[in-house]
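Below is one structure, written out as structure tokens; the observations come after it.
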Amino acid sequence: MTERRVAIFTDETGWHTRRLRQALARRGFEGRCVDLAACRFDTAASPHGVLIPGFGKALPCAAIVRGIAGGSLEQITKRLGILHALRELGVPVYNDARAIERSVDKAMTSFLLHRAGVATPPAWAVEDEAQARRILVREAAAGHGLVVKPMFGSQGKGVLRVGAVDGGFVALPPLGELAGLAYLQRFVPQAESPQAPGFDWRVLVIGGQARAAMKRVSAHWVRNVARGARCQACALEPGLAALAEAAAAALGMDYAGVDLVPDAAAASGAQVIEVNGVAAWRGLQRVTAFDIAQALVDDLLARRLGVGLDQGVAQVCHF
């Protein structure tokens with residue numbers, strides 16, 4: 001059966017999903033929003049064993065992952081399992097489960113970036129509290145602060161600085177308060193003042209190519225837009241673009257929001273601190289001329305489905 005329906009997996013609809021549906025419609029496709037929590041494995045009800053609400057017993061042409069709701073380990077495993085199953089069934093998933101798993105696991109992100117030779121701060125993930133405290137003391141003795149982050153976290157929630165902080169020493173909280181695991185990343189300091197607050201960069205990589213960048217400016221060291229950082233347009237310098245593209249490639253991303261901090265000591269003048277596989281782009285769109293949702297959809301259709309912009313779409317999906 002031939003279809004032109006794309007699943008947009010999300011746990012909430014709004015600005016992002018509306019923009020994606022509009023972008024798909026301009027190319028002759030229909031985007032249908034589906035919560036992964038509502039999808040199920042059912043080997044009795046369908047020939048391929050997966051049921052996606054709104055698609056009957058058929059499969060979507062492709063899927064865009066816009067959000068995955070939190071839940072128990074079992075629930076998250078099943079939701080990611082649906083994405084893995086679609087890939088096994090030949091449905092392009094953008095980004096697929098493997099890429100999402102790599103990016104949401106900050107320790108794995110650090111490992112893969114380091115392995116690929118991408119500039120990124122030293123990082124540790126340990127379950128032994130005494131070992132974590134030894135790392136903290138050793139780093140503080142060398143004048144370094146550390147950032148404690150939830151292993152699975154976003155939007156700057158739950159992060160704190162420990163070790164050498166503003167001329168003092170901040171101890172590590174008990175691991176019982178950190179879900180039994182310390183993920184530590186060396187803090188990269190900046191020279192800043194009330195007149196010149198610090199910033200980091202968000203670079204959007206689509207299909208292996210850096211397409212847009214912005215500065216996130218804030219007097220607070222946590223510079224997520226969700227925490228009040230101000231979005232500021234900036235040039236996409238070649239070194240910054242190359243670093244972001246290398247980070248996305250290291251994690252196998254179709255698209256990625258790459259967060260970088262300035263570091264004069266680094267070869268490219270920056271280090272990658274996070275790679276987001278389900279990146280929001282509303283803030284970036286405010287300071288960027290091109291239509292980000294359309295760029296994402298066009299990359300999906302061209303690179304993953306082989307559909308050119310001047311090509312008919314009637315015979316591209318066969319499930």
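Quick note on naming: the chains in the structure tokens go A, B, ... in the order shown, residues restart at 1 in each chain, and ligands are numbered from 1 in order of appearance.
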Show which residues sit within 10 Å of range 57-64 of chain A, as a PDB file with C-alpha atoms, in the first residue's frame. Count only C-alpha atoms, and ignore same-chain residues fewer than 4 positions away.
```pdb
ATOM      1  CA  MET A   1       0.000   0.000   0.000  1.00  0.00           C
ATOM      2  CA  THR A   2       1.232   3.463  -0.863  1.00  0.00           C
ATOM      3  CA  GLU A   3       0.957   6.160   1.791  1.00  0.00           C
ATOM      4  CA  ARG A   4       2.018   9.770   2.258  1.00  0.00           C
ATOM      5  CA  ARG A   5       1.537   9.908   5.999  1.00  0.00           C
ATOM      6  CA  VAL A   6       4.367  10.713   8.387  1.00  0.00           C
ATOM      7  CA  ALA A   7       4.151  10.013  12.116  1.00  0.00           C
ATOM      8  CA  ILE A   8       5.257  12.882  14.325  1.00  0.00           C
ATOM      9  CA  PHE A   9       5.976  11.257  17.673  1.00  0.00           C
ATOM     10  CA  THR A  10       5.331  13.716  20.471  1.00  0.00           C
ATOM     11  CA  THR A  17       4.405  20.061  15.669  1.00  0.00           C
ATOM     12  CA  LEU A  20       6.335  20.313  11.024  1.00  0.00           C
ATOM     13  CA  PHE A  29       2.630  14.732   2.876  1.00  0.00           C
ATOM     14  CA  GLU A  30       0.369  14.514   5.910  1.00  0.00           C
ATOM     15  CA  GLY A  31       1.875  14.678   9.375  1.00  0.00           C
ATOM     16  CA  ARG A  32      -0.023  12.883  12.131  1.00  0.00           C
ATOM     17  CA  CYS A  33       0.895  13.503  15.775  1.00  0.00           C
ATOM     18  CA  VAL A  34       1.154  10.334  17.840  1.00  0.00           C
ATOM     19  CA  ALA A  45      -3.330  -7.829  15.259  1.00  0.00           C
ATOM     20  CA  SER A  46      -0.947  -6.811  12.493  1.00  0.00           C
ATOM     21  CA  PRO A  47       1.353  -8.637  10.084  1.00  0.00           C
ATOM     22  CA  HIS A  48       4.380  -6.641  11.232  1.00  0.00           C
ATOM     23  CA  GLY A  49       3.533  -6.644  14.954  1.00  0.00           C
ATOM     24  CA  VAL A  50       3.352  -2.878  15.578  1.00  0.00           C
ATOM     25  CA  LEU A  51       0.254  -0.691  15.870  1.00  0.00           C
ATOM     26  CA  ILE A  52       0.512   3.094  15.498  1.00  0.00           C
ATOM     27  CA  PRO A  53      -2.728   4.980  16.357  1.00  0.00           C
ATOM     28  CA  LEU A  83      11.293   3.282  17.276  1.00  0.00           C
ATOM     29  CA  LEU A  86      10.092   0.802  12.877  1.00  0.00           C
ATOM     30  CA  ARG A  87      13.721   0.988  11.812  1.00  0.00           C
ATOM     31  CA  LEU A  89      10.698  -2.631   9.375  1.00  0.00           C
ATOM     32  CA  GLY A  90      12.351  -0.182   7.008  1.00  0.00           C
ATOM     33  CA  VAL A  91      10.619   2.982   8.175  1.00  0.00           C
ATOM     34  CA  PRO A  92      13.022   5.952   8.341  1.00  0.00           C
ATOM     35  CA  VAL A  93      12.973   7.392  11.871  1.00  0.00           C
ATOM     36  CA  TYR A  94      14.362  10.925  12.252  1.00  0.00           C
ATOM     37  CA  ASN A  95      16.312  10.766  14.686  1.00  0.00           C
ATOM     38  CA  ASP A  96      16.227   7.027  15.245  1.00  0.00           C
ATOM     39  CA  VAL A 278      15.252  15.937  20.130  1.00  0.00           C
ATOM     40  CA  LEU A 296      14.197  19.313   8.587  1.00  0.00           C
ATOM     41  CA  VAL A 297      11.340  17.934   6.498  1.00  0.00           C
ATOM     42  CA  LEU A 300      14.094  13.744   5.743  1.00  0.00           C
ATOM     43  CA  LEU A 301      12.337  13.462   2.392  1.00  0.00           C
ATOM     44  CA  ARG A 304      15.956   9.270   3.875  1.00  0.00           C
ATOM     45  CA  LEU A 305      13.101   8.797   1.362  1.00  0.00           C
ATOM     46  CA  VAL A 316       7.620   6.835  -2.381  1.00  0.00           C
ATOM     47  CA  CYS A 317       6.169   4.798   0.490  1.00  0.00           C
ATOM     48  CA  HIS A 318       5.301   1.135   0.168  1.00  0.00           C
ATOM     49  CA  PHE A 319       4.220  -0.651   3.348  1.00  0.00           C
TER      50      PHE A 319
END
```
Could you write out, as a ChimeraX atom specification, all the residues of range 6-162 of chain A that DSSP marks as helix (DSSP H, G or I)? /A:15-26,36-38,73-88,97-104,106-115,129-141
Next, the residues of the selection above should be written as a PDB file, in the first residue's frame with C-alpha atoms.
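So the final result, stored in selection-v5.pdb, reads:
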```pdb
ATOM      1  CA  TRP A  15       4.278  25.277  17.902  1.00  0.00           C
ATOM      2  CA  HIS A  16       6.880  22.693  16.827  1.00  0.00           C
ATOM      3  CA  THR A  17       4.405  20.061  15.669  1.00  0.00           C
ATOM      4  CA  ARG A  18       2.317  22.679  13.865  1.00  0.00           C
ATOM      5  CA  ARG A  19       5.373  23.887  11.955  1.00  0.00           C
ATOM      6  CA  LEU A  20       6.335  20.313  11.024  1.00  0.00           C
ATOM      7  CA  ARG A  21       2.841  19.501   9.778  1.00  0.00           C
ATOM      8  CA  GLN A  22       2.791  22.654   7.675  1.00  0.00           C
ATOM      9  CA  ALA A  23       6.207  21.842   6.218  1.00  0.00           C
ATOM     10  CA  LEU A  24       5.108  18.306   5.348  1.00  0.00           C
ATOM     11  CA  ALA A  25       1.882  19.574   3.765  1.00  0.00           C
ATOM     12  CA  ARG A  26       3.865  21.892   1.487  1.00  0.00           C
ATOM     13  CA  LEU A  36       4.627   6.825  21.675  1.00  0.00           C
ATOM     14  CA  ALA A  37       2.859   5.875  24.907  1.00  0.00           C
ATOM     15  CA  ALA A  38      -0.230   5.054  22.819  1.00  0.00           C
ATOM     16  CA  LEU A  73      12.280   2.179  32.820  1.00  0.00           C
ATOM     17  CA  GLU A  74       9.850  -0.349  31.367  1.00  0.00           C
ATOM     18  CA  GLN A  75       7.742   2.350  29.679  1.00  0.00           C
ATOM     19  CA  ILE A  76      10.721   4.147  28.185  1.00  0.00           C
ATOM     20  CA  THR A  77      12.175   0.839  26.974  1.00  0.00           C
ATOM     21  CA  LYS A  78       8.922  -0.004  25.203  1.00  0.00           C
ATOM     22  CA  ARG A  79       8.630   3.463  23.601  1.00  0.00           C
ATOM     23  CA  LEU A  80      12.178   3.311  22.305  1.00  0.00           C
ATOM     24  CA  GLY A  81      11.447  -0.252  21.264  1.00  0.00           C
ATOM     25  CA  ILE A  82       8.720   1.028  18.937  1.00  0.00           C
ATOM     26  CA  LEU A  83      11.293   3.282  17.276  1.00  0.00           C
ATOM     27  CA  HIS A  84      13.755   0.396  17.000  1.00  0.00           C
ATOM     28  CA  ALA A  85      11.014  -1.785  15.500  1.00  0.00           C
ATOM     29  CA  LEU A  86      10.092   0.802  12.877  1.00  0.00           C
ATOM     30  CA  ARG A  87      13.721   0.988  11.812  1.00  0.00           C
ATOM     31  CA  GLU A  88      13.831  -2.822  11.544  1.00  0.00           C
ATOM     32  CA  ALA A  97      16.261   5.323  18.628  1.00  0.00           C
ATOM     33  CA  ARG A  98      19.997   4.659  18.590  1.00  0.00           C
ATOM     34  CA  ALA A  99      20.835   8.321  18.091  1.00  0.00           C
ATOM     35  CA  ILE A 100      18.355   9.408  20.758  1.00  0.00           C
ATOM     36  CA  GLU A 101      19.735   6.895  23.246  1.00  0.00           C
ATOM     37  CA  ARG A 102      23.261   8.180  22.662  1.00  0.00           C
ATOM     38  CA  SER A 103      22.288  11.810  23.132  1.00  0.00           C
ATOM     39  CA  VAL A 104      20.046  11.497  26.195  1.00  0.00           C
ATOM     40  CA  LYS A 106      25.241  12.248  28.797  1.00  0.00           C
ATOM     41  CA  ALA A 107      27.982   9.792  29.742  1.00  0.00           C
ATOM     42  CA  MET A 108      27.674   8.042  26.379  1.00  0.00           C
ATOM     43  CA  THR A 109      27.686  11.426  24.642  1.00  0.00           C
ATOM     44  CA  SER A 110      30.934  12.347  26.402  1.00  0.00           C
ATOM     45  CA  PHE A 111      32.453   8.970  25.542  1.00  0.00           C
ATOM     46  CA  LEU A 112      31.534   9.151  21.852  1.00  0.00           C
ATOM     47  CA  LEU A 113      32.710  12.746  21.479  1.00  0.00           C
ATOM     48  CA  HIS A 114      36.011  11.900  23.183  1.00  0.00           C
ATOM     49  CA  ARG A 115      36.449   8.775  21.073  1.00  0.00           C
ATOM     50  CA  GLU A 129      30.610   7.967  46.122  1.00  0.00           C
ATOM     51  CA  ALA A 130      34.144   7.833  47.535  1.00  0.00           C
ATOM     52  CA  GLN A 131      35.557   7.689  44.016  1.00  0.00           C
ATOM     53  CA  ALA A 132      33.405  10.641  42.938  1.00  0.00           C
ATOM     54  CA  ARG A 133      34.657  12.689  45.880  1.00  0.00           C
ATOM     55  CA  ARG A 134      38.270  11.838  45.051  1.00  0.00           C
ATOM     56  CA  ILE A 135      37.734  13.087  41.509  1.00  0.00           C
ATOM     57  CA  LEU A 136      36.191  16.274  42.883  1.00  0.00           C
ATOM     58  CA  VAL A 137      39.069  16.946  45.286  1.00  0.00           C
ATOM     59  CA  ARG A 138      41.689  16.224  42.626  1.00  0.00           C
ATOM     60  CA  GLU A 139      40.011  18.565  40.134  1.00  0.00           C
ATOM     61  CA  ALA A 140      39.545  21.287  42.766  1.00  0.00           C
ATOM     62  CA  ALA A 141      43.234  21.057  43.712  1.00  0.00           C
TER      63      ALA A 141
END
```
Test item, strand (DSSP E) assignment across range 100-233 of chain A, answer as a VMD selection string: chain A and resid 123 to 126 145 to 149 160 to 165 168 to 170 182 to 186 199 to 206 209 to 217 230 to 233
For Ala248 in chain A, find every residue with an atom within 8 Å (counting only C-alpha atoms), except residues of its own chain fewer than 5 positions away, and show them as a count of residues only. 8
How many Å separate CA of Ala233 in chain A from CA of Pro189 in chain A?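 Atom-to-atom, CA of Ala233 in chain A and CA of Pro189 in chain A are spaced 22.3 Å apart.
If you measure from each of A:Val203, A:Val261, A:Val148, A:Val217 to Pro238 in chain A using only C-alpha atoms, the closest one turns out to be A:Val203.
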Would you please work out which residue, of A:Val188, A:Arg216, A:Leu146, A:Arg66, is nearest to Ala266 in chain A when using only C-alpha atoms?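 Closest to Ala266 in chain A, using only C-alpha atoms: A:Val188.
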Neighbour list for Ala270 in chain A as a list of chain:residue names, cut-off 7 Å, only C-alpha atoms, skip fewer than 6 positions in-chain: A:Leu260, A:Val261, A:Pro262, A:Asp263, A:Ala264
Report, in Å with one decimal, the straight-line distance from CA of Leu160 in chain A to CA of Thr120 in chain A.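 Answer for the CA of Leu160 in chain A to CA of Thr120 in chain A separation: 18.4 Å.
Put simply, CA of Phe152 in chain A is 11.2 Å away from CA of Leu178 in chain A.
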Out of A:Ala267, A:Ala250, A:Arg230, A:Ala212, which residue has the shortest atom-to-atom distance to Gln285 in chain A when counting only C-alpha atoms? A:Ala212
